[in-house]
Protein chains: 2
Amino acid sequence: MSGRLYDALFAPRTVALVGASDVRGKPAARPLEFLRRHGWAGDVYPVNPTRTSVLGEPAWPSLRALPAVPDHALVLTPADAAVAAVRECAELGVAVATVVADGFLASTADGARRRAELREIIDGSALRLLGPSSLGVANPVRALALTGNAAFAETSLPAGDVFVASQSGSALGALLSRGAEMGLGFAAMVSTGNEFDLSLGEICRAAVDDPQVSSFALFLENLSGADELAAFARAAAEQGKPVIAYKLGRSEDGARLSALHTGALAGDDAVADAFFRANGIARVTTFDALLEAQLLARRVPPRRSAAPARVAVVSTTGGGGAMAVDCLAAAGVAVTPPGAATVARLEALGVHAGGGALVDLTLAGTKYDTIKAALDVLLAAPEFDAVVAVPGSSARFTPEVSVAPIIDCADASTPLAVFVVPSAPDALRLLRQKAVPAFRTPEACGDAFAAVFGRRELGLAGPVTTVAPHALVTALDEDESYAVLARAGIPSARRAVVSVADLPGELPVPAPVVVKVLSSELAHKSDVGGVVLGIRDAGELEDAARRIVDGVAAARPGFVVERLLVQQQASGVAEALIGFRRDPDVGPVVLLAAGGVLAELYRDRSVRLAPVTLEQAREMVAEVRGLRPAAGYRGAPKGDLEALAAAVVAMSRLALATDPVVVEAEANPVLVRPAGEGVLAVDAVCVVGETVVETVAR
Amino acid sequence: MSGRLYDALFAPRTVALVGASDVRGKPAARPLEFLRRHGWAGDVYPVNPTRTSVLGEPAWPSLRALPAVPDHALVLTPADAAVAAVRECAELGVAVATVVADGFLASTADGARRRAELREIIDGSALRLLGPSSLGVANPVRALALTGNAAFAETSLPAGDVFVASQSGSALGALLSRGAEMGLGFAAMVSTGNEFDLSLGEICRAAVDDPQVSSFALFLENLSGADELAAFARAAAEQGKPVIAYKLGRSEDGARLSALHTGALAGDDAVADAFFRANGIARVTTFDALLEAQLLARRVPPRRSAAPARVAVVSTTGGGGAMAVDCLAAAGVAVTPPGAATVARLEALGVHAGGGALVDLTLAGTKYDTIKAALDVLLAAPEFDAVVAVPGSSARFTPEVSVAPIIDCADASTPLAVFVVPSAPDALRLLRQKAVPAFRTPEACGDAFAAVFGRRELGLAGPVTTVAPHALVTALDEDESYAVLARAGIPSARRAVVSVADLPGELPVPAPVVVKVLSSELAHKSDVGGVVLGIRDAGELEDAARRIVDGVAAARPGFVVERLLVQQQASGVAEALIGFRRDPDVGPVVLLAAGGVLAELYRDRSVRLAPVTLEQAREMVAEVRGLRPAAGYRGAPKGDLEALAAAVVAMSRLALATDPVVVEAEANPVLVRPAGEGVLAVDAVCVVGETVVETVAR
């Protein structure tokens with residue numbers, strides 16, 4: 001059912017251990033130790049050219065000498081020997097080889113040579129390669145630990161239904177032990193290493209159909225295999241199997257080098273957020289929540305609405321309940337007091353609940369019947385998307401009693417989760433055994449709720465043809481850039497190009513106008529004296545032309561101004577920046593920011609994968625705080641934000657345009673005119689490239 | 001040594017249990033059960049008017065009937081009986097009575113009556129009252145659990161040197177069990193309840209001199225006893241005993257109702273942050289860190305500089321180390337790569353460390369000698385304020401071996417802390433037993449570092465006389481407000497007051513001028529048509545006056561405009577808002593924000609307790625992102641930010657002014673003129689009150 005790749009990776013019948021060591025405790029000896037310790041039932045072939053036995057078991061001198069072709073070879077040797085072993089695997093028809101060795105960085109001479117050899121081997125065979133620099137795989141359900149990762153020296157492997165894929169081997173080990181402590185188990189675990197052949201996305205894609213797998217936990221260091229990750233996430237969404245990711249790099253929100261402002265404003269981490277959002281992946285920011293959110297995510301389908309989740313918090317312990325309220329609200333969840341009908345139903349139970357967001361059962365008592373009845377009322381109330389129960393000391397001393405009413409309510413259609421206030425590992429495990437989402441800290445609870453309820457229904461699936469530029473790129477001048485944007489559907493102010501040598505006798509567009517030096521070589525026109533505002537007639541135009549010619553000559557010796565752009569001056573009730581660029585990992589992205597230096601200082605922007613729908617563009621407009629005045633905030637004049645959203649859609653659809661292929665584009669500022677009067681770009685720059693058509697899943 | 005209050009609270013020789021129940025398991029039976037279970041050595045007197053024995057021990061019918069006067073009476077009865085018991089305590093000379101009952105809210109008739117009775121009893125005696133609504137106290141060192149809090153039904157109480165005070169009884173229980181799980185112990189614990197008499201601050205102040213107490217953990221729901229909390233924090237700072245606080249209410253950053261903008265912009269939580277900062281209290285935002293940061297804080301004295309802490313991260317597990325780097329950096333800590341000399345010393349050990357912020361020991365090996373030597377190098381390097389070690393799986397499987405090199409380095413003058421990547425409770429406990437700060441999650445690690453290294457040296461201690469307003473308050477008009485600000489030292493634009501009935505024949509201040517309606521009754525002058533800009537001569541002034549009179553009449557029927565303010569128009573390179581208000585809990589605060597609606601939308605402001613020094617005001621200027629353009633960001637013209645800082649100091653010193661006593665003040669906007677040209681307030685409002693002089697510790 002799961003396919004040959006998946007079986008070879010996680011359910012092999014025979015494995016070879018190439019370079020297996022006879023010295024107990026050494027990394028190259030551990031895989032055999034782990035396979036025996038955990039009682040894996042398949043056939044193991046240690047391969048060691050210098051020994052006839054390894055750890056008391058027969059060993060073979062080479063892969064060729066084995067009595068059968070293994071499904072999966074774990075290659076434990078150093079890099080060059082590993083390449084030779086991979087070649088043998090390919091020749092013999094091994095399905096998957098996992099390479100543990102380092103030494104395959106493209107930036108070193110030896111690494112580049114080895115990569116070339118691996119490429120040739122893989123391209124010429126059916127062999128699939130995991131790694132290099134992979135710490136291996138495990139399948140606790142089958143008692144398989146095909147890894148030298150010291151973390152698998154557990155007395156037993158926690159079997160379950162979470163699939164873990166990690167770009168970090170050590171994080172995999174941490175998840176193994178932390179999951180076991182939590183009472184969560186794993187269907188399979190994989191350390192993806194360098195992803196030279198098999199990407200994390202492709203491996204996870206192969207696991208989507210496994211009925212043993214209920215949900216996914218991803219530990220990511222980068223988004224290098226974004227297309228396959230996206231394809232996997234969509235397949236998982238179709239199966240209703242949630243994907244939760246923890247990604248490093250939140251702190252490195254520094255700018256990616258870019259010709260345009262858009263790059264700096266977008267930032268790598270905002271692009272990653274846009275990627276996760278577009279693909280229905282819930283991103284958590286606390287390590288605990290990567291596992292703790294699994295059970296919650298299974299109860300919460302992706303949502304249609306962008307509205308915050310409405311959550312009831314019910315507690316038998318005031319301070320603990322208040323912590324949950326605080327952390328949920330700080331994460332952006334709408335902690336919601338019960339409505340009048342619900343209050344009345346609670347009062348009938350002796351629960352006084354009119355006092356605020358927290359429903360406190362302390363006075364009503366902590367008996368099973370009271371708690372069960374109150375939970376039933378809250379879970380049936382239409383005003384809540386979920387209920388969080390917060391038990392106190394009883395969860396520590398009488399865990400079975402404490403969690404009983406919660407477990408007995410857990411089948412309600414409204415999801416019920418738990419934050420346990422004291423140290424109460426037994427209660428947490430009991431809850432999780434019954435598939436009730438349970439949290440050890442209020443912070444992980446808030447994080448998980450925000451991430452899980454933030455998942456949105458994916459649009460119509462299916463690949464969209466986007467285009468990728470060739471390396472040869474050309475910056476367009478402002479006039480050409482407006483033309484590209486106009487074709488895309490983004491209007492700009494009226495303009496004309498005039499020659500300095502042949503200025504017109506009257507203004508080519510109605511006064512007042514702004515006059516700007518026109519050249520693709522001058523990125524910052526104002527900085528070189530290349531812009532003059534408020535020109536009202538041909539005489540002033542002549543003066544302005546002279547000032548620009550002289551100013552640019554002074555600022556940029558040798559640069560001769562030949563052409564000027566004459567543009568009608570316009571005003572708006574707000575200014576915005578709309579940008580487009582192609583991220584090397586995730587592909588085209590569109591960005592909307594408020595105009596001006598403050599938006600940049602506040603990093604106030606919204607980023608999405610491109611193209612976006614009008615509905616998505618409206619959400620982007622709503623997300624940019626600096627645009628709220630244009631929505632009438634504090635009585636400010638309203639701007640045409642609907643036209644701004646349309647312009648964002650238009651910009652985003654540059655992802656699909658082939659004539660030309662736009663590498664980066666930025667309209668900045670875009671004047672947002674009064675409602676009904678549209679938007680106007682009054683500065684713009686585009687960088688175009690040669691066309692290469694690619695297809696990415698969107 | 002610790003004083004009578006402290007001994008009666010935490011080290012009584014005799015205790016009475018008023019209302020002790022004979023029904024095992026009932027809350028009122030638990031104190032006796034807990035005292036016996038934990039083996040407290042003092043004398044216990046159960047008081048129960050209806051029984052001669054309780055849980056098999058002799059009981060007395062009343063406090064008066066006891067064979068001796070107890071040091072501490074725990075009153076377990078309902079509210080009215082509790083008041084009677086407190087009266088008896090006062091009459092008998094009991095030192096401390098702790099009242100568990102609810103029912104003392106001032107907002108209910110019964111509650112108000114009981115409060116009045118308690119007040120009269122306390123004012124007329126030497127008795128000190130803990131509560132009402134206190135869950136009691138514990139002293140694990142003396143095996144004392146004088147509480148009915150179910151959380152104390154532990155088999156043993158973790159004794160140690162952390163003092164815990166909590167406004168939430170249930171949080172106290174959570175800290176008890178979580179501390180025990182962590183391997184941390186407590187010198188004493190107290191649930192402060194309603195703080196009707198004894199405030200959390202006063203109780204902690206009494207504990208500062210106890211040599212058993214090394215540091216403090218506070219769980220706060222509000223800052224109602226701010227003055228005593230501040231006095232305690234300063235006393236703790238003098239003893240070098242750190243104070244760490246977790247405070248609810250981060251999410252309720254909504255505005256406090258206020259006549260002025262300043263109130264809404266400040267927000268309760270920002271005021272709380274200002275309070276903690278001013279008093280050297282480290283505020284953590286993760287619950288784990290409230291205890292986990294204790295050991296770190298003992299190693300890190302308050303700092304003179306505002307610069308971020310420079311921290312080295314050294315790991316034997318790449319992904320785990322990267323998590324620590326990410327969380328530390330996200331919290332604002334400067335994760336710092338080793339300098340050239342340190343890299344050379346590490347290379348000599350076989351540790352390759354030129355690659356970035358993380359020093360990865362994986363390749364060099366995880367032997368004791370290598371780790372110890374690398375830690376020694378890092379701890380001796382001058383470029384680090386602290387070192388974080390990140391062990392991997394070995395911490396789980398061989399905890400003693402894994403933590404040995406860390407513990408052997410822990411006496412270095414540079415603090416050394418640990419984030420343990422796998423689930424490894426034994427390693428965490430071993431480290432903490434040796435006083436090495438150890439963290440279970442990377443998030444708590446980052447949080448603790450930011451909070452602990454954010455503590456600043458306190459200025460010259462000692463009380464500052466500030467003034468508190470009487471309830472009778474008066475809003476001043478704009479002209480009067482400028483006069484108040486001018487006396488404080490905040491300049492404003494040239495102005496004159498003119499009468500509508502007798503307009504001057506020429507402009508009273510140089511053109512151009514702005515003309516504004518002058519009245520303390522019109523808060524939003526522009527909204528009612530009360531402002532006209534760009535007036536150049538007396539004729540235009542006459543026109544403007546007519547428009548204002550007509551406009552205000554239309555907008556506010558019945559309001560007759562009598563006076564106008566004529567103010568010279570000015571411009572600046574930036575605009576700011578400087579505000580002052582008196583928080584009901586923490587007292588005078590000063591606020592600085594960038595001008596305009598965006599600063600409000602972005603909540604971009606800096607808040608401090610008032611008064612501030614010039615150095616503090618400069619820090620505030622640096623904190624407001626919207627003012628960065630005025631510091632020359634991206635080539636913007638520089639503004640006189642030094643004059644702005646001076647104006648902030650001047651505004652903050654309204655805390656001390658008595659003529660008049662200013663309740664609230666706001667200068668908005670304050671024009672920041674080019675460097676060297678100062679600042680000018682061009683709108684202002686002050687609210688003044690009657691004088692009551694108070695003294696608060698600052």
# chains A, B, ... in the order shown; residues from 1 in each chain; ligands from 1
>>> residues_around(residues="stretch 568-572 of chain B", least_positions_apart="3", cutoff="6 Å", atoms="only C-alpha atoms", output="mmCIF file with N, CA and C atoms, in the first residue's frame")
data_model
loop_
_atom_site.group_PDB
_atom_site.id
_atom_site.type_symbol
_atom_site.label_atom_id
_atom_site.label_comp_id
_atom_site.auth_asym_id
_atom_site.auth_seq_id
_atom_site.Cartn_x
_atom_site.Cartn_y
_atom_site.Cartn_z
ATOM 1 N N ARG B 494 5.911 79.928 19.883
ATOM 2 C CA ARG B 494 5.428 81.253 20.314
ATOM 3 C C ARG B 494 3.927 81.329 20.134
ATOM 4 N N PRO B 512 3.980 82.508 9.382
ATOM 5 C CA PRO B 512 2.585 82.065 9.401
ATOM 6 C C PRO B 512 2.186 81.555 10.782
ATOM 7 N N VAL B 513 0.895 81.637 11.044
ATOM 8 C CA VAL B 513 0.416 81.173 12.343
ATOM 9 C C VAL B 513 -0.721 80.178 12.144
ATOM 10 N N VAL B 514 -0.961 79.428 13.218
ATOM 11 C CA VAL B 514 -2.129 78.562 13.279
ATOM 12 C C VAL B 514 -3.055 79.172 14.336
ATOM 13 N N LEU B 671 7.523 68.885 18.144
ATOM 14 C CA LEU B 671 8.329 68.920 16.919
ATOM 15 C C LEU B 671 9.793 68.768 17.283
ATOM 16 N N VAL B 672 10.443 67.808 16.662
ATOM 17 C CA VAL B 672 11.880 67.641 16.852
ATOM 18 C C VAL B 672 12.554 68.422 15.732
ATOM 19 N N ARG B 673 13.205 69.510 16.083
ATOM 20 C CA ARG B 673 13.819 70.369 15.070
ATOM 21 C C ARG B 673 15.227 69.872 14.746
#
>>> residues_around(residues="A:Pro132", least_positions_apart="3", cutoff="8 Å", atoms="only C-alpha atoms", output="number ranges by chain")
A: 98-102, 104, 129, 193-196
>>> residues_around(residues="A:Ala593", least_positions_apart="5", cutoff="10 Å", atoms="only C-alpha atoms", output="list in words")
Thr262, Leu265, Ala266, Glu575, Ala576, Leu577, Ile578, Gly579, Ala599, Glu600, Arg603, Asp604, Arg605, Ser606, Val607, Met620, Val621, Glu623, Val624, Arg625, Gly626, Leu627, Asn668 and Pro669 of chain A
>>> closest_atom_pairs(of="chain A", to="chain B", cutoff="6 Å", atoms="only C-alpha atoms", output="JSON lines")
{"residue": "A:Ala151", "atom": "CA", "partner": "B:Ser393", "partner_atom": "CA", "distance": 5.1}
{"residue": "A:Ser168", "atom": "CA", "partner": "B:Gly319", "partner_atom": "CA", "distance": 5.2}
{"residue": "A:Ser170", "atom": "CA", "partner": "B:Gly319", "partner_atom": "CA", "distance": 5.5}
{"residue": "A:Ala171", "atom": "CA", "partner": "B:Gly319", "partner_atom": "CA", "distance": 5.6}
{"residue": "A:Ala174", "atom": "CA", "partner": "B:Pro422", "partner_atom": "CA", "distance": 4.0}
{"residue": "A:Ser177", "atom": "CA", "partner": "B:Ser423", "partner_atom": "CA", "distance": 5.3}
{"residue": "A:Arg178", "atom": "CA", "partner": "B:Ser423", "partner_atom": "CA", "distance": 4.9}
{"residue": "A:Ser251", "atom": "CA", "partner": "B:Ala330", "partner_atom": "CA", "distance": 4.7}
{"residue": "A:Thr317", "atom": "CA", "partner": "B:Ser170", "partner_atom": "CA", "distance": 5.7}
{"residue": "A:Gly319", "atom": "CA", "partner": "B:Ser168", "partner_atom": "CA", "distance": 5.1}
{"residue": "A:Asp326", "atom": "CA", "partner": "B:Ser251", "partner_atom": "CA", "distance": 5.6}
{"residue": "A:Ala329", "atom": "CA", "partner": "B:Ser251", "partner_atom": "CA", "distance": 5.5}
{"residue": "A:Ala330", "atom": "CA", "partner": "B:Ser251", "partner_atom": "CA", "distance": 4.6}
{"residue": "A:Ser393", "atom": "CA", "partner": "B:Ala151", "partner_atom": "CA", "distance": 5.1}
{"residue": "A:Val421", "atom": "CA", "partner": "B:Ala174", "partner_atom": "CA", "distance": 5.7}
{"residue": "A:Pro422", "atom": "CA", "partner": "B:Ala174", "partner_atom": "CA", "distance": 4.0}
{"residue": "A:Ser423", "atom": "CA", "partner": "B:Arg178", "partner_atom": "CA", "distance": 4.9}
>>> residues_around(residues="stretch 201-215 of chain B", least_positions_apart="4", cutoff="8 Å", atoms="only C-alpha atoms", output="list in words")
Met1, Ser2, Gly3, Leu5, Tyr6, Gly160, Asp161, Val162, Phe163, Ala165, Ala187, Gly225, Ala226, Asp227, Glu228, Leu229, Ala230, Ala231, Phe232, Ala233, Ala235, Ala236, Gln239, Lys241, Pro242, Val243, Gln294 and Arg298 of chain B
>>> write_last_selection(atoms="C-alpha atoms", output="mmCIF file, in the first residue's frame")
data_model
loop_
_atom_site.group_PDB
_atom_site.id
_atom_site.type_symbol
_atom_site.label_atom_id
_atom_site.label_comp_id
_atom_site.auth_asym_id
_atom_site.auth_seq_id
_atom_site.Cartn_x
_atom_site.Cartn_y
_atom_site.Cartn_z
ATOM 1 C CA MET B 1 17.545 37.444 62.564
ATOM 2 C CA SER B 2 14.598 37.501 60.256
ATOM 3 C CA GLY B 3 12.313 39.416 62.532
ATOM 4 C CA LEU B 5 6.896 38.904 61.334
ATOM 5 C CA TYR B 6 8.982 36.509 59.291
ATOM 6 C CA GLY B 160 15.976 24.625 49.299
ATOM 7 C CA ASP B 161 16.735 28.305 48.960
ATOM 8 C CA VAL B 162 14.132 29.766 46.592
ATOM 9 C CA PHE B 163 11.489 31.973 48.213
ATOM 10 C CA ALA B 165 5.396 34.420 46.820
ATOM 11 C CA ALA B 187 13.041 28.160 51.595
ATOM 12 C CA GLY B 225 1.116 46.806 46.396
ATOM 13 C CA ALA B 226 3.698 48.369 44.125
ATOM 14 C CA ASP B 227 5.389 50.617 46.679
ATOM 15 C CA GLU B 228 6.120 47.771 49.055
ATOM 16 C CA LEU B 229 7.131 45.544 46.184
ATOM 17 C CA ALA B 230 9.591 48.213 45.056
ATOM 18 C CA ALA B 231 11.001 48.615 48.549
ATOM 19 C CA PHE B 232 11.465 44.859 48.791
ATOM 20 C CA ALA B 233 13.132 44.669 45.379
ATOM 21 C CA ALA B 235 16.391 45.598 49.620
ATOM 22 C CA ALA B 236 16.900 42.341 47.733
ATOM 23 C CA GLN B 239 21.707 41.879 49.399
ATOM 24 C CA LYS B 241 19.438 38.324 45.973
ATOM 25 C CA PRO B 242 17.768 38.295 42.572
ATOM 26 C CA VAL B 243 14.029 38.653 42.107
ATOM 27 C CA GLN B 294 16.692 31.274 39.534
ATOM 28 C CA ARG B 298 22.332 34.203 41.068
#
>>> residues_around(residues="A:Leu541", least_positions_apart="6", cutoff="12 Å", atoms="only C-alpha atoms", output="MDAnalysis selection string")
chainID A and resid 498:500 502:509 511:516 531:535 547:548 564:567
>>> write_last_selection(atoms="C-alpha atoms", output="mmCIF file, in the first residue's frame")
data_model
loop_
_atom_site.group_PDB
_atom_site.id
_atom_site.type_symbol
_atom_site.label_atom_id
_atom_site.label_comp_id
_atom_site.auth_asym_id
_atom_site.auth_seq_id
_atom_site.Cartn_x
_atom_site.Cartn_y
_atom_site.Cartn_z
ATOM 1 C CA VAL A 498 11.103 63.524 -23.103
ATOM 2 C CA SER A 499 14.582 64.006 -24.437
ATOM 3 C CA VAL A 500 16.851 66.470 -22.667
ATOM 4 C CA ASP A 502 14.654 68.207 -27.387
ATOM 5 C CA LEU A 503 12.358 69.401 -24.599
ATOM 6 C CA PRO A 504 8.741 69.938 -25.632
ATOM 7 C CA GLY A 505 7.248 73.411 -25.920
ATOM 8 C CA GLU A 506 4.508 72.552 -23.501
ATOM 9 C CA LEU A 507 4.031 70.028 -20.731
ATOM 10 C CA PRO A 508 3.187 66.620 -22.232
ATOM 11 C CA VAL A 509 0.869 65.765 -19.310
ATOM 12 C CA ALA A 511 0.394 70.173 -14.527
ATOM 13 C CA PRO A 512 1.582 69.856 -11.870
ATOM 14 C CA VAL A 513 4.167 67.284 -12.865
ATOM 15 C CA VAL A 514 7.218 65.667 -11.391
ATOM 16 C CA VAL A 515 10.317 65.362 -13.555
ATOM 17 C CA LYS A 516 12.703 62.466 -13.016
ATOM 18 C CA VAL A 531 13.902 64.346 -9.153
ATOM 19 C CA VAL A 532 12.166 67.756 -9.270
ATOM 20 C CA LEU A 533 8.596 68.205 -8.040
ATOM 21 C CA GLY A 534 5.860 70.741 -8.702
ATOM 22 C CA ILE A 535 6.608 71.705 -12.294
ATOM 23 C CA ARG A 547 19.035 71.105 -12.506
ATOM 24 C CA ILE A 548 18.728 67.369 -13.014
ATOM 25 C CA LEU A 564 13.502 62.446 -18.479
ATOM 26 C CA LEU A 565 10.212 61.048 -17.286
ATOM 27 C CA VAL A 566 7.519 63.680 -16.896
ATOM 28 C CA GLN A 567 4.783 62.368 -14.660
#
>>> select_by_dssp(residues="stretch 311-507 of chain A", states="alpha helix (DSSP H)", output="PyMOL selection string")
chain A and resi 318-330+340-347+368-380+394-397+399-409+425-433+442-453+478-488
>>> residues_around(residues="stretch 105-110 of chain B", least_positions_apart="4", cutoff="10 Å", atoms="only C-alpha atoms", output="list of chain:residue names")
B:Ala79, B:Asp80, B:Arg114, B:Arg115, B:Ala116, B:Pro132, B:Asn194
>>> residues_around(residues="stretch 350-357 of chain A", least_positions_apart="6", cutoff="7 Å", atoms="only C-alpha atoms", output="JSON, numbers by chain")
{"A": [335, 336, 337, 343, 364]}
>>> write_last_selection(atoms="C-alpha atoms", output="PDB file, in the first residue's frame")
ATOM      1  CA  VAL A 335     -10.532  33.568  24.583  1.00  0.00           C
ATOM      2  CA  THR A 336     -14.289  33.957  24.680  1.00  0.00           C
ATOM      3  CA  PRO A 337     -16.648  34.258  27.639  1.00  0.00           C
ATOM      4  CA  VAL A 343     -24.174  31.116  31.309  1.00  0.00           C
ATOM      5  CA  ALA A 364     -18.944  24.606  42.246  1.00  0.00           C
TER       6      ALA A 364
END
>>> select_by_dssp(residues="stretch 301-525 of chain A", states="strand (DSSP E)", output="VMD selection string")
chain A and resid 310 to 315 334 to 335 358 to 360 386 to 390 416 to 419 438 to 439 463 to 475 495 to 499 513 to 517
